[in-house]
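Novice: Coordinates in structure.cif, mmCIF, C-alpha atoms, are listed below.
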data_my_file
loop_
_atom_site.label_atom_id
_atom_site.label_comp_id
_atom_site.auth_asym_id
_atom_site.auth_seq_id
_atom_site.Cartn_x
_atom_site.Cartn_y
_atom_site.Cartn_z
CA MET A 19 78.29 20.11 -19.42
CA GLU A 20 81.84 19.57 -20.58
CA LEU A 21 81.17 19.12 -24.27
CA GLN A 22 80.04 22.03 -26.42
CA PRO A 23 76.57 21.64 -27.93
CA ASP A 24 76.95 20.71 -31.59
CA PRO A 25 73.84 20.68 -33.79
CA TYR A 26 75.84 18.88 -36.49
CA THR A 27 75.87 15.80 -34.28
CA ALA A 28 72.61 13.89 -34.69
CA ALA A 29 72.36 12.96 -31.00
CA CYS A 30 73.02 16.46 -29.62
CA PRO A 31 69.94 18.07 -28.08
CA SER A 32 70.82 21.33 -29.85
CA ARG A 33 69.94 19.52 -33.09
CA GLN A 34 66.42 19.00 -31.74
CA VAL A 35 66.24 22.64 -30.78
CA LEU A 36 67.27 23.60 -34.30
CA ASP A 37 64.62 21.24 -35.67
CA ARG A 38 61.99 23.06 -33.65
CA ILE A 39 63.02 26.57 -34.66
CA GLY A 40 64.05 25.65 -38.20
CA ASP A 41 60.46 24.99 -39.24
CA ARG A 42 58.30 27.28 -41.34
CA TRP A 43 55.26 27.26 -39.04
CA THR A 44 57.40 28.01 -36.02
CA VAL A 45 59.04 30.92 -37.79
CA LEU A 46 55.68 32.34 -38.87
CA LEU A 47 53.92 31.80 -35.53
CA LEU A 48 56.76 33.33 -33.52
CA GLY A 49 56.69 36.22 -35.98
CA VAL A 50 52.99 36.87 -35.28
CA LEU A 51 53.42 36.45 -31.52
CA ALA A 52 56.25 39.00 -31.52
CA ASP A 53 53.44 41.59 -31.96
CA GLY A 54 51.85 40.58 -28.65
CA PRO A 55 49.55 37.86 -27.21
CA LYS A 56 47.12 36.28 -29.63
CA ARG A 57 44.12 33.97 -29.45
CA PHE A 58 44.21 30.56 -31.08
CA THR A 59 41.72 31.57 -33.77
CA GLU A 60 43.63 34.76 -34.53
CA LEU A 61 46.88 32.84 -35.00
CA GLY A 62 45.13 30.53 -37.45
CA ARG A 63 43.81 33.52 -39.37
CA ARG A 64 47.14 35.32 -39.50
CA VAL A 65 49.18 32.35 -40.71
CA GLU A 66 47.42 31.51 -43.94
CA GLY A 67 47.36 27.87 -44.96
CA ILE A 68 48.14 26.35 -41.56
CA SER A 69 45.72 23.53 -40.68
CA GLN A 70 44.01 23.37 -37.28
CA LYS A 71 45.96 20.22 -36.56
CA MET A 72 49.33 21.73 -37.46
CA LEU A 73 48.53 24.89 -35.51
CA THR A 74 47.65 22.87 -32.40
CA GLN A 75 50.71 20.67 -32.81
CA THR A 76 53.17 23.52 -33.41
CA LEU A 77 51.82 25.56 -30.49
CA ARG A 78 52.06 22.54 -28.21
CA GLY A 79 55.69 22.06 -29.25
CA LEU A 80 56.44 25.73 -28.64
CA GLU A 81 54.79 25.53 -25.22
CA ARG A 82 56.76 22.39 -24.35
CA ASP A 83 60.00 24.10 -25.38
CA GLY A 84 59.22 27.01 -23.07
CA LEU A 85 58.88 29.54 -25.90
CA VAL A 86 55.17 30.24 -25.54
CA THR A 87 52.65 30.24 -22.67
CA ARG A 88 49.07 29.10 -23.09
CA THR A 89 46.41 30.69 -20.91
CA VAL A 90 42.90 29.32 -20.76
CA GLN A 91 40.11 31.62 -19.58
CA ALA A 92 36.99 29.86 -18.37
CA THR A 93 34.59 32.03 -20.34
CA VAL A 94 31.86 30.70 -22.65
CA PRO A 95 33.19 29.93 -25.17
CA VAL A 96 36.56 29.14 -23.61
CA ARG A 97 39.20 31.66 -24.58
CA VAL A 98 42.78 30.49 -25.15
CA ASP A 99 45.60 33.01 -25.40
CA TYR A 100 49.18 32.42 -26.48
CA GLU A 101 52.06 34.67 -25.58
CA LEU A 102 55.83 34.61 -25.98
CA THR A 103 57.82 33.82 -22.84
CA ASP A 104 61.03 35.71 -22.06
CA LEU A 105 62.88 32.81 -23.69
CA GLY A 106 60.61 33.02 -26.74
CA ARG A 107 61.33 36.73 -27.02
CA THR A 108 65.07 36.05 -27.31
CA LEU A 109 64.25 34.24 -30.57
CA SER A 110 62.42 37.21 -32.08
CA ALA A 111 65.51 38.90 -33.50
CA PRO A 112 66.94 35.83 -35.30
CA ILE A 113 63.46 34.96 -36.60
CA ALA A 114 62.86 38.50 -37.82
CA ALA A 115 66.23 38.42 -39.61
CA LEU A 116 65.25 35.23 -41.44
CA GLU A 117 61.88 36.67 -42.38
CA ALA A 118 63.48 39.90 -43.58
CA TRP A 119 65.90 37.88 -45.71
CA ALA A 120 62.97 36.05 -47.33
CA ARG A 121 61.24 39.35 -48.12
CA ASP A 122 64.37 41.09 -49.37
CA HIS A 123 65.71 38.30 -51.57
CA ILE A 124 62.55 36.83 -52.98
CA GLY A 125 63.26 38.45 -56.37
CA ASP A 126 66.79 36.99 -56.55
CA VAL A 127 65.50 33.54 -55.65
CA ILE A 128 62.72 33.62 -58.25
CA THR A 129 65.20 34.71 -60.94
CA ALA A 130 67.58 31.90 -59.93
CA ARG A 131 64.77 29.33 -60.06
CA GLU A 132 63.65 30.41 -63.52
CA SER A 133 67.19 30.26 -64.82
CA TYR A 134 67.77 26.82 -63.24
CA ASP A 135 64.53 25.43 -64.68
CA ARG A 136 65.44 26.67 -68.17
CA ARG A 137 68.74 24.77 -67.96
CA GLN A 138 67.07 21.47 -67.06
CA PRO A 139 65.99 19.01 -69.77
CA GLN A 140 62.21 19.11 -70.16
CA PRO A 141 60.42 15.87 -69.21
CA MET B 18 56.06 45.03 -57.68
CA GLU B 19 53.33 47.06 -56.02
CA LEU B 20 52.47 44.65 -53.23
CA GLN B 21 54.90 43.95 -50.42
CA PRO B 22 56.04 40.32 -50.15
CA ASP B 23 54.18 38.72 -47.25
CA PRO B 24 55.25 35.25 -46.10
CA TYR B 25 52.06 35.02 -44.00
CA THR B 26 50.07 34.75 -47.22
CA ALA B 27 50.11 31.16 -48.48
CA ALA B 28 50.40 32.13 -52.15
CA CYS B 29 53.24 34.65 -51.74
CA PRO B 30 56.55 33.42 -53.15
CA SER B 31 58.31 34.70 -50.03
CA ARG B 32 56.49 31.90 -48.19
CA GLN B 33 58.23 29.38 -50.44
CA VAL B 34 61.54 31.08 -49.77
CA LEU B 35 60.92 30.83 -46.06
CA ASP B 36 60.03 27.15 -46.50
CA ARG B 37 63.39 26.59 -48.12
CA ILE B 38 65.48 28.40 -45.54
CA GLY B 39 63.35 27.38 -42.57
CA ASP B 40 64.42 23.78 -42.81
CA ARG B 41 66.90 22.02 -40.57
CA TRP B 42 69.04 20.50 -43.32
CA THR B 43 69.28 23.81 -45.11
CA VAL B 44 70.35 25.56 -41.94
CA LEU B 45 73.01 22.92 -41.23
CA LEU B 46 74.32 22.69 -44.81
CA LEU B 47 74.56 26.46 -45.22
CA GLY B 48 76.35 26.51 -41.88
CA VAL B 49 78.99 24.05 -43.13
CA LEU B 50 79.36 25.82 -46.48
CA ALA B 51 79.94 29.14 -44.71
CA ASP B 52 83.42 27.68 -43.93
CA GLY B 53 84.24 27.41 -47.64
CA PRO B 54 83.60 25.06 -50.60
CA LYS B 55 83.00 21.43 -49.75
CA ARG B 56 82.72 18.14 -51.61
CA PHE B 57 79.49 16.16 -51.59
CA THR B 58 80.95 13.40 -49.44
CA GLU B 59 82.37 15.91 -46.97
CA LEU B 60 78.99 17.58 -46.55
CA GLY B 61 77.40 14.22 -45.81
CA ARG B 62 80.07 13.52 -43.21
CA ARG B 63 79.76 16.90 -41.52
CA VAL B 64 75.98 16.87 -41.20
CA GLU B 65 75.43 13.75 -39.17
CA GLY B 66 72.24 11.82 -39.82
CA ILE B 67 71.43 13.27 -43.24
CA SER B 68 70.61 10.56 -45.79
CA GLN B 69 72.21 10.52 -49.25
CA LYS B 70 68.80 11.18 -50.72
CA MET B 71 68.03 14.13 -48.48
CA LEU B 72 71.52 15.55 -49.05
CA THR B 73 71.10 15.36 -52.84
CA GLN B 74 67.60 16.80 -52.65
CA THR B 75 68.48 19.68 -50.33
CA LEU B 76 71.57 20.61 -52.35
CA ARG B 77 69.54 20.58 -55.55
CA GLY B 78 66.99 22.91 -53.95
CA LEU B 79 69.74 25.24 -52.76
CA GLU B 80 71.28 25.25 -56.24
CA ARG B 81 67.91 25.97 -57.84
CA ASP B 82 67.34 28.85 -55.42
CA GLY B 83 70.69 30.34 -56.42
CA LEU B 84 72.23 29.89 -52.96
CA VAL B 85 74.85 27.28 -53.90
CA THR B 86 76.86 26.43 -57.01
CA ARG B 87 77.71 22.89 -58.00
CA THR B 88 80.94 22.27 -59.89
CA VAL B 89 81.72 18.93 -61.46
CA GLN B 90 85.33 18.06 -62.19
CA ALA B 91 85.83 15.33 -64.75
CA THR B 92 88.38 13.43 -62.71
CA VAL B 93 88.21 9.72 -61.93
CA PRO B 94 86.24 9.42 -59.74
CA VAL B 95 84.19 12.50 -60.59
CA ARG B 96 84.62 15.25 -58.05
CA VAL B 97 81.65 17.45 -57.17
CA ASP B 98 82.15 20.65 -55.21
CA TYR B 99 79.53 22.86 -53.62
CA GLU B 100 80.08 26.50 -52.76
CA LEU B 101 77.96 29.38 -51.51
CA THR B 102 77.05 32.01 -54.09
CA ASP B 103 77.07 35.72 -53.18
CA LEU B 104 73.34 35.40 -52.53
CA GLY B 105 73.96 32.34 -50.33
CA ARG B 106 76.55 34.26 -48.36
CA THR B 107 73.96 36.92 -47.47
CA LEU B 108 72.11 34.18 -45.57
CA SER B 109 75.11 33.22 -43.46
CA ALA B 110 74.53 35.82 -40.74
CA PRO B 111 70.83 35.01 -40.11
CA ILE B 112 71.63 31.29 -40.21
CA ALA B 113 74.53 31.69 -37.79
CA ALA B 114 72.25 33.66 -35.43
CA LEU B 115 69.72 30.82 -35.42
CA GLU B 116 72.43 28.25 -34.83
CA ALA B 117 73.93 30.33 -32.03
CA TRP B 118 70.50 30.60 -30.43
CA ALA B 119 70.14 26.81 -30.50
CA ARG B 120 73.55 26.37 -28.83
CA ASP B 121 73.01 29.11 -26.24
CA HIS B 122 69.50 28.15 -25.17
CA ILE B 123 69.62 24.40 -25.31
CA GLY B 124 69.73 24.21 -21.50
CA ASP B 125 66.63 26.41 -21.11
CA VAL B 126 64.73 24.37 -23.67
CA ILE B 127 65.61 21.04 -22.03
CA THR B 128 64.53 22.37 -18.63
CA ALA B 129 61.24 23.62 -20.11
CA ARG B 130 60.58 20.24 -21.75
CA GLU B 131 61.21 18.31 -18.56
CA SER B 132 58.92 20.59 -16.61
CA TYR B 133 56.20 20.35 -19.30
CA ASP B 134 56.42 16.56 -19.41
CA ARG B 135 56.10 16.33 -15.62
CA ARG B 136 52.86 18.34 -15.79
CA GLN B 137 51.28 16.02 -18.37
CA PRO B 138 49.19 13.02 -17.28
CA GLN B 139 51.18 9.84 -17.79
CA PRO B 140 49.73 7.47 -20.40
#
Represent the structure from my file as structure tokens, please.

Specialist:
Amino acid sequence: MELQPDPYTAACPSRQVLDRIGDRWTVLLLGVLADGPKRFTELGRRVEGISQKMLTQTLRGLERDGLVTRTVQATVPVRVDYELTDLGRTLSAPIAALEAWARDHIGDVITARESYDRRQPQP
Amino acid sequence: MELQPDPYTAACPSRQVLDRIGDRWTVLLLGVLADGPKRFTELGRRVEGISQKMLTQTLRGLERDGLVTRTVQATVPVRVDYELTDLGRTLSAPIAALEAWARDHIGDVITARESYDRRQPQP
């Protein structure tokens, strides 16, 4: 490829990649999977508030992007495990940094929001 | 605060913070603003494909969260500048890491997608 990937250009595939990883469910699911392989039901339990549909959809996207593998074991009931691929593991550090930022700066953000809301005219 | 912030819990404010920063427009806008203050129109030009409405809405959210300041200069026409706050600047490194990941691994992701799509039954 001669041109550099540029996520600021709408048509550049790197924009699509950013869309995939810049998504709250992706960030949270990759965060859980960084601990090790997990079953579908366990992922749903760990990421509070995610619907079955969104969980299925996000995992399918992650599998398609080569970030996660899905292994089906023909037990009764069927057991489905998800695990980070090597590529998925390269995302763990950036994801963890984002998550750490959210934890560390939550107080600053809440203070900013309260101050902003006080400055706005009440409806 | 006695409890640790936990973005995996739906009700924790750190989840909301993650929602804000785990969003493609936020990632791209903070990326542009990391270069220095920018005017509204310039931001719209730099982030291809963002609608006026989404630009306004995302910038308002970033201002409310204390990540960006908005300065209005009473010129004709009115000039509106956006700039990262100190808090916003602390997000630049994690955001840049995510963006760099998207640029570096775009090839791997495209290959994975093509291989996944070949394995799926055609409609």

Novice: Residues of chain B were defined as contacting chain A if any atom lay at most 6 Å from it, counting all atoms listed in the file; please report them as a PDB file with C-alpha atoms, keeping the file's coordinate frame.

Specialist:
ATOM      1  CA  PRO B  22      56.040  40.320 -50.150  1.00  0.00           C
ATOM      2  CA  TYR B  25      52.060  35.020 -44.000  1.00  0.00           C
ATOM      3  CA  THR B  26      50.070  34.750 -47.220  1.00  0.00           C
ATOM      4  CA  ALA B  27      50.110  31.160 -48.480  1.00  0.00           C
ATOM      5  CA  SER B  31      58.310  34.700 -50.030  1.00  0.00           C
ATOM      6  CA  VAL B  34      61.540  31.080 -49.770  1.00  0.00           C
ATOM      7  CA  LEU B  35      60.920  30.830 -46.060  1.00  0.00           C
ATOM      8  CA  ASP B  36      60.030  27.150 -46.500  1.00  0.00           C
ATOM      9  CA  GLY B  39      63.350  27.380 -42.570  1.00  0.00           C
ATOM     10  CA  ASP B  40      64.420  23.780 -42.810  1.00  0.00           C
ATOM     11  CA  ARG B  41      66.900  22.020 -40.570  1.00  0.00           C
ATOM     12  CA  VAL B  64      75.980  16.870 -41.200  1.00  0.00           C
ATOM     13  CA  GLU B  65      75.430  13.750 -39.170  1.00  0.00           C
ATOM     14  CA  GLY B  66      72.240  11.820 -39.820  1.00  0.00           C
ATOM     15  CA  ARG B  81      67.910  25.970 -57.840  1.00  0.00           C
ATOM     16  CA  ASP B  82      67.340  28.850 -55.420  1.00  0.00           C
ATOM     17  CA  GLY B  83      70.690  30.340 -56.420  1.00  0.00           C
ATOM     18  CA  PRO B 111      70.830  35.010 -40.110  1.00  0.00           C
ATOM     19  CA  ALA B 114      72.250  33.660 -35.430  1.00  0.00           C
ATOM     20  CA  LEU B 115      69.720  30.820 -35.420  1.00  0.00           C
ATOM     21  CA  ALA B 119      70.140  26.810 -30.500  1.00  0.00           C
ATOM     22  CA  ARG B 120      73.550  26.370 -28.830  1.00  0.00           C
ATOM     23  CA  ILE B 123      69.620  24.400 -25.310  1.00  0.00           C
ATOM     24  CA  VAL B 126      64.730  24.370 -23.670  1.00  0.00           C
ATOM     25  CA  ALA B 129      61.240  23.620 -20.110  1.00  0.00           C
ATOM     26  CA  ARG B 130      60.580  20.240 -21.750  1.00  0.00           C
ATOM     27  CA  TYR B 133      56.200  20.350 -19.300  1.00  0.00           C
TER      28      TYR B 133
END

Novice: Would you kindly return, as a VMD selection string, each protein, DNA or RNA residue with an atom no farther than 8 Å from any atom of Ala51 (chain B), considering all atoms listed in the file and excluding same-chain residues fewer than 2 positions away?

Specialist: chain B and resid 47 to 49 53 101 106 109

Novice: Can you measure CA of Pro55 (chain A) to CA of Arg135 (chain B) for me? One decimal in Å is fine.

Specialist: 25.3 Å

Novice: What is the distance between CA of Thr59 (chain A) and CA of Arg97 (chain A), in Å to one decimal?

Specialist: 9.5 Å

Novice: One number please: CA of Arg88 (chain A) to CA of Glu101 (chain A), in Å, one decimal.

Specialist: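 For CA of Arg88 (chain A) relative to CA of Glu101 (chain A), the distance reads 6.8 Å.
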
Novice: Mind checking which residues fall within 12 Å of Val95 (chain B), counting all atoms listed in the file, ignoring those fewer than 3 positions away in the same chain, and posting them as a list of chain:residue names?

Specialist: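 Result of the neighbour search: B:Arg56, B:Phe57, B:Thr58, B:Thr88, B:Val89, B:Gln90, B:Ala91, B:Thr92, B:Asp98.
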